[in-house]
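In what follows, a single structure is set out as structure tokens and then discussed.
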Amino acid sequence: MKSKIFKTLDEQMEILRSKGLIINDEEKTRNILFRENYFFISGYRHLFMKKNVKDTFLPGTTFEELYATFVFDREIRNTFFKNILIVENNIKSITSYQLSKKYGFKEQDYLNPNNFVQDSLQVRQVHDVLDKVKRQIRVNGRKHTATMHYIDNYGYIPLWILVKVLSFGIMSEFFNILKYEDKREIVKYYNISVENMEINLNLLSNFRNVCAHEDILYDHKTQRAIPDCKYHTLLNIPKEDDEYIYGKNDLFSLVIILKQMLSKDDFSDLMSEIKREVRRLDNVVSTVPLSGILERIGFPKNWMEIEDLD
């Protein structure tokens with residue numbers, strides 16, 4: 001079995017040079033590799049590689065371009081993460097409000113299995129999800145000031161406090177086991193269908209994990225795809241084999257989800273930040289055209305128009 005051995009910073013630069021990357025400032029490059037990690041930065045090399053030629057950069061590709069792509073991904077990852085957290089907080093607040101109003105505010109009330117879907121095919125799913133929620137109470141209940149306060153002073157944790165310790169993944173599963181009429185009350189706030197909400201939460205949870213673990217985001221693809229919606233039509237996104245080629249399971253699909261679930265002001269702020277980072281990247285990268293970068297991200301040419309659509 002082959003093994004990877006330690007490489008000094010100079011050896012790392014030599015590997016990059018051997019693949020055709022231009023290094024203009026050795027000291028600056030050495031410092032960046034030391035701070036940021038060769039492995040993480042080289043993960044963005046695929047954008048600049050020759051097609052059908054293994055491990056060879058396009059002629060003229062510089063380390064500055066490679067690093068600018070790394071920084072671009074970091075900045076948009078932080079931007080998207082911040083906005084996913086806004087949606088996460090909103091959905092937790094709305095869900096806890098609706099269920100507490102209807103079923104009560106003590107665990108034995110709102111976590112009663114009778115409050116959830118009664119389909120015989122989903123009985124096991126209901127119990128599995130409720131067990132996960134109860135486990136979070138046992139494991140994390142005393143790790144957070146708010147939950148500990150309610151346990152110590154009242155002997156229970158109301159749902160609007162409990163959601164603080166529930167992951168977005170569990171919240172997505174929790175929504176899936178709600179009765180249809182309860183789901184319908186929640187989605188009214190967003191003016192989307194129950195089915196769309198289920199998929200949105202699943203994809204948001206996926207993208208959230210990518211952001212939280214600082215994985216490569218800009219060309220990330222999810223296994224599930226969002227349903228065709230009015231934004232695909234209004235933006236006249238091209239199709240291939242009768243399927244939209246952008247905005248289904250790529251980063252632009254996340255933009256569409258956030259368009260549906262953020263306030264108008266929050267979405268406007270999101271778009272402003274993305275535009276700023278795209279401009280910054282375009283100012284540094286010349287080897288690959290901006291259109292090629294946007295295509296890899298999954299952004300159609302007229303992606304900015306989504307901000308003004310209703």
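Following the order of the structure tokens, chains are lettered A, B, ..., residues in each are numbered from 1, and ligands are numbered from 1.
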Contacts between range 149-168 of chain A and range 201-282 of chain A, please, where a residue of range 201-282 of chain A counts if it comes within 9 Å (with only C-alpha atoms); show its shortest atom pair and distance in Å to one decimal, rows by chain and ascending number, as JSON lines.
{"residue": "A:Leu201", "atom": "CA", "partner": "A:Phe168", "partner_atom": "CA", "distance": 8.0}
{"residue": "A:Asn202", "atom": "CA", "partner": "A:Phe168", "partner_atom": "CA", "distance": 8.9}
{"residue": "A:Leu204", "atom": "CA", "partner": "A:Phe168", "partner_atom": "CA", "distance": 8.2}
{"residue": "A:Ser205", "atom": "CA", "partner": "A:Phe168", "partner_atom": "CA", "distance": 5.7}
{"residue": "A:Arg208", "atom": "CA", "partner": "A:Phe168", "partner_atom": "CA", "distance": 8.2}
Test item: residues at most 9 Å from Gly298 in chain A, only C-alpha atoms, excluding those fewer than 2 positions along its chain, as a PyMOL selection string: chain A and resi 218-219+245-253+293-296+300
For Ile41 in chain A, please output as a PDB file with N, CA and C atoms, in the first residue's frame all residues within 12 Å (counting only C-alpha atoms; exclusion window: fewer than 5 positions along the same chain).
ATOM      1  N   GLN A  12       6.504  21.227  -1.162  1.00  0.00           N
ATOM      2  CA  GLN A  12       5.120  21.430  -1.605  1.00  0.00           C
ATOM      3  C   GLN A  12       5.078  22.390  -2.790  1.00  0.00           C
ATOM      4  N   MET A  13       5.847  23.471  -2.727  1.00  0.00           N
ATOM      5  CA  MET A  13       5.891  24.420  -3.843  1.00  0.00           C
ATOM      6  C   MET A  13       6.463  23.762  -5.093  1.00  0.00           C
ATOM      7  N   LEU A  16       3.826  21.733  -6.830  1.00  0.00           N
ATOM      8  CA  LEU A  16       2.915  22.595  -7.588  1.00  0.00           C
ATOM      9  C   LEU A  16       3.573  23.079  -8.876  1.00  0.00           C
ATOM     10  N   THR A  29       3.916  32.632  -0.801  1.00  0.00           N
ATOM     11  CA  THR A  29       3.324  31.314  -1.028  1.00  0.00           C
ATOM     12  C   THR A  29       3.659  30.370   0.107  1.00  0.00           C
ATOM     13  N   ILE A  32       1.477  31.206   3.068  1.00  0.00           N
ATOM     14  CA  ILE A  32       0.084  30.792   2.881  1.00  0.00           C
ATOM     15  C   ILE A  32      -0.055  29.284   3.050  1.00  0.00           C
ATOM     16  N   LEU A  33       0.874  28.530   2.477  1.00  0.00           N
ATOM     17  CA  LEU A  33       0.828  27.071   2.611  1.00  0.00           C
ATOM     18  C   LEU A  33       0.964  26.656   4.073  1.00  0.00           C
ATOM     19  N   PHE A  34       1.792  27.383   4.806  1.00  0.00           N
ATOM     20  CA  PHE A  34       1.989  27.075   6.229  1.00  0.00           C
ATOM     21  C   PHE A  34       0.713  27.343   7.030  1.00  0.00           C
ATOM     22  N   ARG A  35       0.049  28.450   6.733  1.00  0.00           N
ATOM     23  CA  ARG A  35      -1.145  28.846   7.492  1.00  0.00           C
ATOM     24  C   ARG A  35      -2.390  28.096   7.064  1.00  0.00           C
ATOM     25  N   GLU A  36      -2.515  27.834   5.764  1.00  0.00           N
ATOM     26  CA  GLU A  36      -3.786  27.350   5.223  1.00  0.00           C
ATOM     27  C   GLU A  36      -3.819  25.851   4.898  1.00  0.00           C
ATOM     28  N   HIS A  46      -8.721  21.610  -9.445  1.00  0.00           N
ATOM     29  CA  HIS A  46      -9.459  21.010 -10.568  1.00  0.00           C
ATOM     30  C   HIS A  46     -10.015  22.064 -11.522  1.00  0.00           C
ATOM     31  N   LEU A  47     -10.343  23.229 -11.002  1.00  0.00           N
ATOM     32  CA  LEU A  47     -10.859  24.310 -11.837  1.00  0.00           C
ATOM     33  C   LEU A  47      -9.827  24.749 -12.865  1.00  0.00           C
ATOM     34  N   PHE A  63      -0.310  30.721  -8.582  1.00  0.00           N
ATOM     35  CA  PHE A  63      -0.706  30.370  -7.210  1.00  0.00           C
ATOM     36  C   PHE A  63      -1.716  31.376  -6.689  1.00  0.00           C
ATOM     37  N   GLU A  64      -1.572  32.640  -7.080  1.00  0.00           N
ATOM     38  CA  GLU A  64      -2.516  33.672  -6.644  1.00  0.00           C
ATOM     39  C   GLU A  64      -3.939  33.325  -7.077  1.00  0.00           C
ATOM     40  N   GLU A  65      -4.094  32.772  -8.273  1.00  0.00           N
ATOM     41  CA  GLU A  65      -5.422  32.385  -8.758  1.00  0.00           C
ATOM     42  C   GLU A  65      -5.969  31.205  -7.957  1.00  0.00           C
ATOM     43  N   LEU A  66      -5.115  30.235  -7.701  1.00  0.00           N
ATOM     44  CA  LEU A  66      -5.527  29.069  -6.920  1.00  0.00           C
ATOM     45  C   LEU A  66      -5.955  29.490  -5.519  1.00  0.00           C
ATOM     46  N   TYR A  67      -5.156  30.346  -4.899  1.00  0.00           N
ATOM     47  CA  TYR A  67      -5.461  30.789  -3.541  1.00  0.00           C
ATOM     48  C   TYR A  67      -6.706  31.678  -3.518  1.00  0.00           C
ATOM     49  N   ALA A  68      -6.884  32.506  -4.544  1.00  0.00           N
ATOM     50  CA  ALA A  68      -8.069  33.365  -4.619  1.00  0.00           C
ATOM     51  C   ALA A  68      -9.342  32.528  -4.668  1.00  0.00           C
ATOM     52  N   THR A  69      -9.289  31.384  -5.339  1.00  0.00           N
ATOM     53  CA  THR A  69     -10.449  30.490  -5.407  1.00  0.00           C
ATOM     54  C   THR A  69     -10.723  29.877  -4.040  1.00  0.00           C
ATOM     55  N   PHE A  70      -9.671  29.509  -3.339  1.00  0.00           N
ATOM     56  CA  PHE A  70      -9.785  28.994  -1.973  1.00  0.00           C
ATOM     57  C   PHE A  70     -10.452  30.040  -1.067  1.00  0.00           C
ATOM     58  N   VAL A  71      -9.995  31.286  -1.156  1.00  0.00           N
ATOM     59  CA  VAL A  71     -10.546  32.365  -0.331  1.00  0.00           C
ATOM     60  C   VAL A  71     -11.990  32.657  -0.730  1.00  0.00           C
ATOM     61  N   PHE A  72     -12.261  32.650  -2.035  1.00  0.00           N
ATOM     62  CA  PHE A  72     -13.625  32.860  -2.520  1.00  0.00           C
ATOM     63  C   PHE A  72     -14.571  31.842  -1.912  1.00  0.00           C
ATOM     64  N   ASP A  73     -14.160  30.582  -1.920  1.00  0.00           N
ATOM     65  CA  ASP A  73     -15.018  29.531  -1.369  1.00  0.00           C
ATOM     66  C   ASP A  73     -15.218  29.730   0.126  1.00  0.00           C
ATOM     67  N   ARG A  74     -14.170  30.131   0.814  1.00  0.00           N
ATOM     68  CA  ARG A  74     -14.287  30.388   2.253  1.00  0.00           C
ATOM     69  C   ARG A  74     -15.289  31.509   2.519  1.00  0.00           C
ATOM     70  N   ASP A 215     -15.895  22.153   4.289  1.00  0.00           N
ATOM     71  CA  ASP A 215     -15.624  21.399   3.073  1.00  0.00           C
ATOM     72  C   ASP A 215     -15.762  22.330   1.869  1.00  0.00           C
ATOM     73  N   ILE A 216     -15.326  21.853   0.708  1.00  0.00           N
ATOM     74  CA  ILE A 216     -15.443  22.656  -0.505  1.00  0.00           C
ATOM     75  C   ILE A 216     -16.923  22.825  -0.855  1.00  0.00           C
TER      76      ILE A 216
END
Distance of CA of Phe267 in chain A from CA of Ile86 in chain A, expressed in Å to one decimal place: 10.7 Å
DSSP-assigned helix (DSSP H, G or I) among range 20-200 of chain A, expressed as a ChimeraX atom specification: /A:26-36,38-42,45-48,63-103,107-110,113-115,120-140,145-154,159-165,168-176,180-187,194-200
Residue contacts of range 79-84 of chain A (7 Å, only C-alpha atoms) excluding same-chain residues fewer than 2 positions away, as a VMD selection string: chain A and resid 75 to 77 86 to 88 204 208 211 270
Go ahead and write the selection's residues with C-alpha atoms as an mmCIF file, in the first residue's frame.
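Wrote it out as part_22.cif, contents follow:
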data_model
loop_
_atom_site.group_PDB
_atom_site.id
_atom_site.type_symbol
_atom_site.label_atom_id
_atom_site.label_comp_id
_atom_site.auth_asym_id
_atom_site.auth_seq_id
_atom_site.Cartn_x
_atom_site.Cartn_y
_atom_site.Cartn_z
ATOM 1 C CA GLU A 75 -16.072 33.733 2.005
ATOM 2 C CA ILE A 76 -19.195 32.451 0.260
ATOM 3 C CA ARG A 77 -19.244 29.474 2.620
ATOM 4 C CA ILE A 86 -31.138 32.437 9.950
ATOM 5 C CA VAL A 87 -33.477 29.975 8.240
ATOM 6 C CA GLU A 88 -32.692 27.337 10.864
ATOM 7 C CA LEU A 204 -30.354 22.940 3.811
ATOM 8 C CA ARG A 208 -25.161 23.382 6.461
ATOM 9 C CA CYS A 211 -20.310 24.820 5.592
ATOM 10 C CA LEU A 270 -26.937 37.601 0.719
#
Distance in Å - CA of Val126 in chain A versus CA of Ile177 in chain A: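 For CA of Val126 in chain A relative to CA of Ile177 in chain A, the distance reads 5.9 Å.
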10 Å contact set for Ser18 in chain A, only C-alpha atoms, chain neighbours under 3 positions out, as a list of chain:residue names: A:Gln12, A:Met13, A:Glu14, A:Ile15, A:Leu21, A:Ile22, A:Asp55, A:Thr56, A:Phe57
Contacts of Glu185 in chain A at 8 Å (only C-alpha atoms; same-chain gap of 4+ positions) as number ranges by chain: A: 98, 181, 189
Take the residues from that selection and put them in a file with N, CA and C atoms, as a PDB file, in the first residue's frame.
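Dumped to again39.pdb:
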ATOM      1  N   GLN A  98     -46.094  26.773  16.670  1.00  0.00           N
ATOM      2  CA  GLN A  98     -47.305  26.098  16.192  1.00  0.00           C
ATOM      3  C   GLN A  98     -47.622  24.852  17.019  1.00  0.00           C
ATOM      4  N   GLU A 181     -51.560  18.388   8.505  1.00  0.00           N
ATOM      5  CA  GLU A 181     -52.188  19.674   8.811  1.00  0.00           C
ATOM      6  C   GLU A 181     -51.245  20.592   9.594  1.00  0.00           C
ATOM      7  N   TYR A 189     -46.213  30.299   6.271  1.00  0.00           N
ATOM      8  CA  TYR A 189     -45.341  31.455   6.466  1.00  0.00           C
ATOM      9  C   TYR A 189     -44.428  31.662   5.268  1.00  0.00           C
TER      10      TYR A 189
END
Straight-line distance linking CA of Leu217 in chain A with CA of Glu26 in chain A, stated in Å to one decimal: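 Between CA of Leu217 in chain A and CA of Glu26 in chain A the gap is 27.9 Å.
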Who sits within 7 Å of Phe48 in chain A, only C-alpha atoms, same chain under 3 positions skipped, as number ranges by chain: A: 45, 57-58, 61, 288
May I have the selected residues written with C-alpha atoms, as a compact mmCIF listing (two decimals), in the first residue's frame?
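Produced file selection-v7.txt, reproduced below:
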# COMPACT_ATOMS: atom_id res chain seq x y z
CA ARG A 45 -6.85 22.84 -8.46
CA PHE A 57 -2.39 23.17 -14.78
CA LEU A 58 -3.63 25.30 -17.64
CA THR A 61 -2.16 29.51 -13.94
CA VAL A 288 -10.33 30.57 -16.41
